[in-house]
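Peer 1: Provided herewith is a single structure, encoded as structure tokens, for subsequent inquiry.
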Amino acid sequence: RAFSNGGYASMQRVSKWNLDFMEDKVAGKQYRELAGRVDAAINFMKACGIDEDKPPMMSTDFFTAHEALHLGYEEKLTRLDSTTEEFYGCSAHFLWCGERTRQPEGAHMEYFRGISNPIGIKISDKSTGESVVSLVKTLNPENVPGRITLISRMGAETLREHLPRLIAAITEAELNVLWVCDPMHGNTIKTESGYKTRPFERVRDEVMAFFEVHEQNGTHPGGVHLEMTGQDVTECTGGTAEVRESDLEKRYLTHCDPRLNASQALELAFLMSNKLADMKKRAGAAGAR
């Protein structure tokens, strides 16, 4: 939080967010070009007399999220807001329930019903439209926009097969939800050498499938859940960084799940940006007809 509000996130620093180990990589070149355009825009603002030292240009919002797995921990950090008389889980801004914690009659669901935080629900190819609609109605009986986020984790091909029926069920029930893709957890494999890893190409394919399915169904892809680091780690294989299975042992630093390194994360960010730009063009062309 100190970094996000203390000037480190300032748009004037875009060119200074250097990652030396990416100097010769494709994503590094793309990032420098983008940073150059941002710098040019800021210089133009200065020339027009616009003050770039305003909070939106100097800082960024910072939020936390996790799965509310351990109820004892969550309950101890639950507080009553005296101004609204509503309870909030204060262990994070955004809490979610997963395959293990979204049983309709379970204690976790009862806890989620009692707090006013925005809530995420992980859904997989095993989820039925009826069960997802029921969960959303239980946790958001007044259908408040922004209260519920549905986070799909399926793998690319499975997502293409199963996400459309879940979208159809939610649309038919006229429920307000935000759709998010988690391309990490459905694409974790274990190598012969014993390392857990995630092939970049599988992660990329699931994100692209997520965008395409929503475009085909006339709904909006609302976000992507990634696990990444700014470090030059070797935990996920593939990408233009060309991390091979034999490279995993070199800089495998995670204490939990494998993360995209800086090069892979930037590569995916540019791929998503290009994909969304193409979708916007198609939507604009369709609206003009």
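Ligands are numbered from 1 in the order shown, chains are lettered A, B, ... in the order of the structure tokens, and residues start at 1 in each chain.
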Write down as a list of chain:residue names the residues of segment 19-187 of chain A whose backbone DSSP state falls under strand (DSSP E or B).
Peer 2: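 Of segment 19-187 of chain A, only A:Ala65, A:His66, A:Glu67, A:Thr78, A:Arg79, A:Leu80, A:Asp81, A:Glu86, A:Phe87, A:Tyr88, A:Gly89, A:Phe94, A:Leu95, A:Trp96, A:Cys97, A:Ile119, A:Gly120, A:Ile121, A:Lys122, A:Ile123, A:Ile148, A:Thr149, A:Leu150, A:Ile151, A:Ser152, A:Leu178, A:Trp179, A:Val180, A:Cys181 fall in strand (DSSP E or B).
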Peer 1: Could you write out the selected residues, including N, CA and C atoms, as a CSV table (one decimal), in the first residue's frame?
Peer 2:
chain,number,residue,atom,x,y,z
A,65,ALA,N,-7.4,-10.1,-1.9
A,65,ALA,CA,-8.4,-11.1,-2.1
A,65,ALA,C,-7.8,-12.5,-1.7
A,66,HIS,N,-8.7,-13.3,-1.2
A,66,HIS,CA,-8.3,-14.8,-1.1
A,66,HIS,C,-9.5,-15.6,-0.9
A,67,GLU,N,-9.3,-16.9,-0.9
A,67,GLU,CA,-10.4,-17.9,-0.6
A,67,GLU,C,-10.6,-17.9,0.9
A,78,THR,N,-14.0,-10.6,11.3
A,78,THR,CA,-15.3,-10.1,10.8
A,78,THR,C,-15.7,-8.9,11.7
A,79,ARG,N,-16.1,-7.8,11.1
A,79,ARG,CA,-16.4,-6.6,11.9
A,79,ARG,C,-17.8,-6.0,11.5
A,80,LEU,N,-18.5,-5.4,12.4
A,80,LEU,CA,-19.7,-4.7,12.1
A,80,LEU,C,-19.4,-3.2,11.8
A,81,ASP,N,-19.9,-2.8,10.6
A,81,ASP,CA,-19.7,-1.4,10.3
A,81,ASP,C,-20.8,-0.6,11.0
A,86,GLU,N,-23.8,-3.3,8.8
A,86,GLU,CA,-23.6,-4.5,8.0
A,86,GLU,C,-22.2,-5.1,8.4
A,87,PHE,N,-22.2,-6.4,8.3
A,87,PHE,CA,-20.9,-7.1,8.7
A,87,PHE,C,-20.0,-7.2,7.4
A,88,TYR,N,-18.7,-7.1,7.7
A,88,TYR,CA,-17.7,-7.2,6.6
A,88,TYR,C,-16.6,-8.2,7.1
A,89,GLY,N,-16.2,-9.0,6.2
A,89,GLY,CA,-15.0,-9.8,6.4
A,89,GLY,C,-13.8,-9.0,6.2
A,94,PHE,N,-12.0,-8.7,-1.0
A,94,PHE,CA,-12.8,-9.6,-1.9
A,94,PHE,C,-12.5,-11.0,-1.4
A,95,LEU,N,-13.5,-11.8,-1.1
A,95,LEU,CA,-13.4,-13.1,-0.6
A,95,LEU,C,-14.1,-14.1,-1.6
A,96,TRP,N,-13.5,-15.3,-1.8
A,96,TRP,CA,-14.2,-16.2,-2.7
A,96,TRP,C,-14.3,-17.6,-2.1
A,97,CYS,N,-15.3,-18.3,-2.7
A,97,CYS,CA,-15.5,-19.7,-2.3
A,97,CYS,C,-15.1,-20.6,-3.4
A,119,ILE,N,-18.2,-10.9,-3.4
A,119,ILE,CA,-17.9,-12.4,-3.2
A,119,ILE,C,-17.7,-13.0,-4.6
A,120,GLY,N,-16.7,-13.9,-4.6
A,120,GLY,CA,-16.4,-14.7,-5.8
A,120,GLY,C,-16.8,-16.1,-5.6
A,121,ILE,N,-17.2,-16.8,-6.7
A,121,ILE,CA,-17.6,-18.2,-6.7
A,121,ILE,C,-16.8,-18.9,-7.8
A,122,LYS,N,-15.9,-19.8,-7.5
A,122,LYS,CA,-15.2,-20.6,-8.5
A,122,LYS,C,-16.2,-21.6,-9.1
A,123,ILE,N,-16.2,-21.6,-10.4
A,123,ILE,CA,-17.0,-22.6,-11.1
A,123,ILE,C,-16.1,-23.4,-12.1
A,148,ILE,N,-21.6,-10.3,-6.9
A,148,ILE,CA,-21.1,-11.7,-7.2
A,148,ILE,C,-20.2,-11.7,-8.4
A,149,THR,N,-19.1,-12.4,-8.3
A,149,THR,CA,-18.2,-12.6,-9.4
A,149,THR,C,-18.1,-14.1,-9.6
A,150,LEU,N,-18.3,-14.6,-10.8
A,150,LEU,CA,-18.2,-16.0,-11.2
A,150,LEU,C,-16.8,-16.2,-11.8
A,151,ILE,N,-16.0,-17.1,-11.2
A,151,ILE,CA,-14.6,-17.2,-11.7
A,151,ILE,C,-14.5,-18.7,-12.3
A,152,SER,N,-14.4,-18.7,-13.6
A,152,SER,CA,-14.3,-20.0,-14.3
A,152,SER,C,-12.9,-20.5,-14.3
A,178,LEU,N,-20.4,-10.7,-12.4
A,178,LEU,CA,-19.2,-10.3,-13.2
A,178,LEU,C,-18.5,-11.6,-13.5
A,179,TRP,N,-18.1,-11.8,-14.8
A,179,TRP,CA,-17.4,-13.0,-15.2
A,179,TRP,C,-15.9,-12.8,-15.2
A,180,VAL,N,-15.2,-13.7,-14.6
A,180,VAL,CA,-13.7,-13.7,-14.5
A,180,VAL,C,-13.2,-15.0,-14.9
A,181,CYS,N,-12.0,-15.0,-15.5
A,181,CYS,CA,-11.4,-16.3,-15.9
A,181,CYS,C,-10.1,-16.5,-15.0
Peer 1: Ranking A:His225, A:Lys137, A:His255, A:His108 by minimum distance to Asn176 of chain A and counting only C-alpha atoms, which one comes first?
Peer 2: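 Under the stated criterion, the closest residue is A:Lys137.
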Peer 1: Just want the 7 Å neighbourhood of Ala156 of chain A, counted on only C-alpha atoms, with same-chain residues fewer than 6 positions away dropped. Output as a list of chain:residue names.
Peer 2: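 After dropping sequence-adjacent residues, the list is A:Asp205, A:Glu206, A:Ala209.
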Peer 1: Only N, CA and C atoms, please: the residues just picked out, written as a PDB file, in the first residue's frame.
Peer 2:
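To be explicit, this is the file written out as part_13.pdb:
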ATOM      1  N   ASP A 205      -4.219 -20.015 -23.935  1.00  0.00           N
ATOM      2  CA  ASP A 205      -5.364 -20.549 -24.685  1.00  0.00           C
ATOM      3  C   ASP A 205      -6.661 -20.453 -23.890  1.00  0.00           C
ATOM      4  N   GLU A 206      -6.595 -20.651 -22.575  1.00  0.00           N
ATOM      5  CA  GLU A 206      -7.823 -20.549 -21.783  1.00  0.00           C
ATOM      6  C   GLU A 206      -8.315 -19.104 -21.724  1.00  0.00           C
ATOM      7  N   ALA A 209      -9.890 -18.349 -25.083  1.00  0.00           N
ATOM      8  CA  ALA A 209     -11.177 -19.041 -25.190  1.00  0.00           C
ATOM      9  C   ALA A 209     -12.245 -18.315 -24.378  1.00  0.00           C
TER      10      ALA A 209
END
Peer 1: As a PyMOL selection string, please: every residue in segment 52-158 of chain A that a backbone DSSP assignment puts in helix (DSSP H, G or I).
Peer 2: chain A and resi 55-58+71-76+107-114+129-139+156-158
Peer 1: Go through A:Arg259, A:Arg204, A:His220, A:Arg160 one by one, measure the shortest atom-to-atom distance of each to Gly239 of chain A using only C-alpha atoms, and give the residue with the smallest value.
Peer 2: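 Looking at the shortest contact to Gly239 of chain A, the residue is A:Arg204.
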Peer 1: Need to verify the contact set: Asn140 of chain A, 10 Å, only C-alpha atoms, exclusion of same-chain residues closer than 2 positions in sequence. Can you return it as an NGL selection string?
Peer 2: :A and (112-113 or 116 or 118-119 or 134-138 or 142-148 or 175-177)
Peer 1: Please save N, CA, C and O atoms of the selected residues as a JSON list (two decimals), in the first residue's frame.
Peer 2:
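Saved the output as part-v3.json:
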[["chain", "number", "residue", "atom", "x", "y", "z"],
["A", 112, "PHE", "N", -20.81, -16.52, 4.17],
["A", 112, "PHE", "CA", -20.85, -15.60, 3.04],
["A", 112, "PHE", "C", -22.18, -14.84, 2.98],
["A", 112, "PHE", "O", -22.21, -13.66, 2.61],
["A", 113, "ARG", "N", -23.27, -15.50, 3.34],
["A", 113, "ARG", "CA", -24.58, -14.84, 3.33],
["A", 113, "ARG", "C", -24.61, -13.68, 4.31],
["A", 113, "ARG", "O", -25.36, -12.72, 4.14],
["A", 116, "SER", "N", -21.10, -8.42, 3.77],
["A", 116, "SER", "CA", -21.47, -7.56, 2.64],
["A", 116, "SER", "C", -20.33, -7.33, 1.66],
["A", 116, "SER", "O", -20.46, -6.49, 0.76],
["A", 118, "PRO", "N", -17.91, -7.92, -1.58],
["A", 118, "PRO", "CA", -18.09, -8.58, -2.88],
["A", 118, "PRO", "C", -17.54, -10.00, -2.77],
["A", 118, "PRO", "O", -16.53, -10.24, -2.10],
["A", 119, "ILE", "N", -18.21, -10.95, -3.41],
["A", 119, "ILE", "CA", -17.89, -12.36, -3.24],
["A", 119, "ILE", "C", -17.66, -13.03, -4.59],
["A", 119, "ILE", "O", -18.39, -12.77, -5.55],
["A", 134, "SER", "N", -28.63, -21.13, -8.30],
["A", 134, "SER", "CA", -29.09, -21.24, -6.91],
["A", 134, "SER", "C", -28.10, -20.56, -5.95],
["A", 134, "SER", "O", -28.51, -19.84, -5.04],
["A", 135, "LEU", "N", -26.79, -20.78, -6.17],
["A", 135, "LEU", "CA", -25.79, -20.16, -5.30],
["A", 135, "LEU", "C", -25.82, -18.64, -5.40],
["A", 135, "LEU", "O", -25.75, -17.93, -4.40],
["A", 136, "VAL", "N", -25.93, -18.15, -6.62],
["A", 136, "VAL", "CA", -25.95, -16.69, -6.83],
["A", 136, "VAL", "C", -27.17, -16.09, -6.14],
["A", 136, "VAL", "O", -27.07, -15.05, -5.47],
["A", 137, "LYS", "N", -28.32, -16.73, -6.28],
["A", 137, "LYS", "CA", -29.53, -16.20, -5.65],
["A", 137, "LYS", "C", -29.44, -16.25, -4.13],
["A", 137, "LYS", "O", -29.93, -15.35, -3.44],
["A", 138, "THR", "N", -28.79, -17.29, -3.61],
["A", 138, "THR", "CA", -28.63, -17.41, -2.16],
["A", 138, "THR", "C", -27.75, -16.30, -1.60],
["A", 138, "THR", "O", -28.06, -15.71, -0.56],
["A", 142, "GLU", "N", -31.02, -9.92, -3.53],
["A", 142, "GLU", "CA", -31.54, -8.66, -4.09],
["A", 142, "GLU", "C", -30.93, -8.34, -5.45],
["A", 142, "GLU", "O", -31.19, -7.28, -6.02],
["A", 143, "ASN", "N", -30.09, -9.25, -5.96],
["A", 143, "ASN", "CA", -29.50, -9.12, -7.30],
["A", 143, "ASN", "C", -28.72, -7.80, -7.45],
["A", 143, "ASN", "O", -28.82, -7.11, -8.47],
["A", 144, "VAL", "N", -27.95, -7.45, -6.42],
["A", 144, "VAL", "CA", -27.18, -6.21, -6.43],
["A", 144, "VAL", "C", -25.99, -6.32, -7.39],
["A", 144, "VAL", "O", -25.18, -7.24, -7.27],
["A", 145, "PRO", "N", -25.86, -5.42, -8.37],
["A", 145, "PRO", "CA", -24.71, -5.47, -9.28],
["A", 145, "PRO", "C", -23.39, -5.31, -8.53],
["A", 145, "PRO", "O", -23.29, -4.48, -7.62],
["A", 146, "GLY", "N", -22.40, -6.12, -8.88],
["A", 146, "GLY", "CA", -21.08, -6.03, -8.26],
["A", 146, "GLY", "C", -20.91, -6.92, -7.05],
["A", 146, "GLY", "O", -19.79, -7.09, -6.56],
["A", 147, "ARG", "N", -21.97, -7.50, -6.56],
["A", 147, "ARG", "CA", -21.88, -8.36, -5.37],
["A", 147, "ARG", "C", -21.23, -9.71, -5.69],
["A", 147, "ARG", "O", -20.43, -10.21, -4.92],
["A", 148, "ILE", "N", -21.55, -10.30, -6.85],
["A", 148, "ILE", "CA", -21.11, -11.66, -7.17],
["A", 148, "ILE", "C", -20.20, -11.66, -8.40],
["A", 148, "ILE", "O", -20.52, -11.08, -9.44],
["A", 175, "LEU", "N", -29.61, -12.61, -13.82],
["A", 175, "LEU", "CA", -28.81, -12.32, -12.64],
["A", 175, "LEU", "C", -27.64, -11.41, -12.99],
["A", 175, "LEU", "O", -27.02, -11.55, -14.06],
["A", 176, "ASN", "N", -27.30, -10.49, -12.09],
["A", 176, "ASN", "CA", -26.16, -9.60, -12.27],
["A", 176, "ASN", "C", -24.91, -10.25, -11.71],
["A", 176, "ASN", "O", -24.79, -10.44, -10.50],
["A", 177, "VAL", "N", -23.99, -10.61, -12.58],
["A", 177, "VAL", "CA", -22.72, -11.18, -12.14],
["A", 177, "VAL", "C", -21.59, -10.59, -12.97],
["A", 177, "VAL", "O", -21.81, -10.08, -14.08]]
Peer 1: I want to know what sits within 7 Å of His185 of chain A, based on only C-alpha atoms, with residues of the same chain fewer than 3 positions away left out; could you give that as a list of chain:residue names?
Peer 2: A:Arg153, A:Asp182, A:Thr188
Peer 1: With only C-alpha atoms as the atoms that count, which of A:Asp278, A:Lys126, A:Glu249, A:Glu85 lies nearest to Gly114 of chain A?
Peer 2: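 Looking only at the distances to Gly114 of chain A, the closest residue turns out to be A:Glu85.
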Peer 1: Looking at A:Leu163, A:Ala286, A:Leu248, A:Ala92, which one is nearest to Asn117 of chain A, with distances taken over only C-alpha atoms?
Peer 2: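 The closest residue to Asn117 of chain A is A:Ala92.
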Peer 1: Which residues come within 12 Å of Leu268 of chain A, counting only C-alpha atoms, excluding same-chain residues fewer than 4 positions away, as JSON, numbers by chain?
Peer 2: {"A": [26, 27, 30, 31, 183, 200, 201, 202, 203, 204, 205, 206, 207, 208, 224, 226, 227, 228, 238, 239, 240, 241, 260, 261, 262, 263, 264, 272, 273, 274, 275]}
Peer 1: Counting only C-alpha atoms, which residue out of A:Gly36, A:Ile170, A:Met184, A:Leu71 sits closest to Met109 of chain A?
Peer 2: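 For Met109 of chain A, the nearest of the given residues is A:Leu71.
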Peer 1: Distance atom CA of Ala173 of chain A-atom CA of Val133 of chain A, one decimal place?
Peer 2: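 Spanning atom CA of Ala173 of chain A to atom CA of Val133 of chain A is a straight-line distance of 7.3 Å.
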Peer 1: Please indicate the distance in Å from atom CA of Glu105 of chain A to atom CA of Val132 of chain A, rounded to one decimal place.
Peer 2: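 Atom-to-atom, atom CA of Glu105 of chain A and atom CA of Val132 of chain A are spaced 13.7 Å apart.
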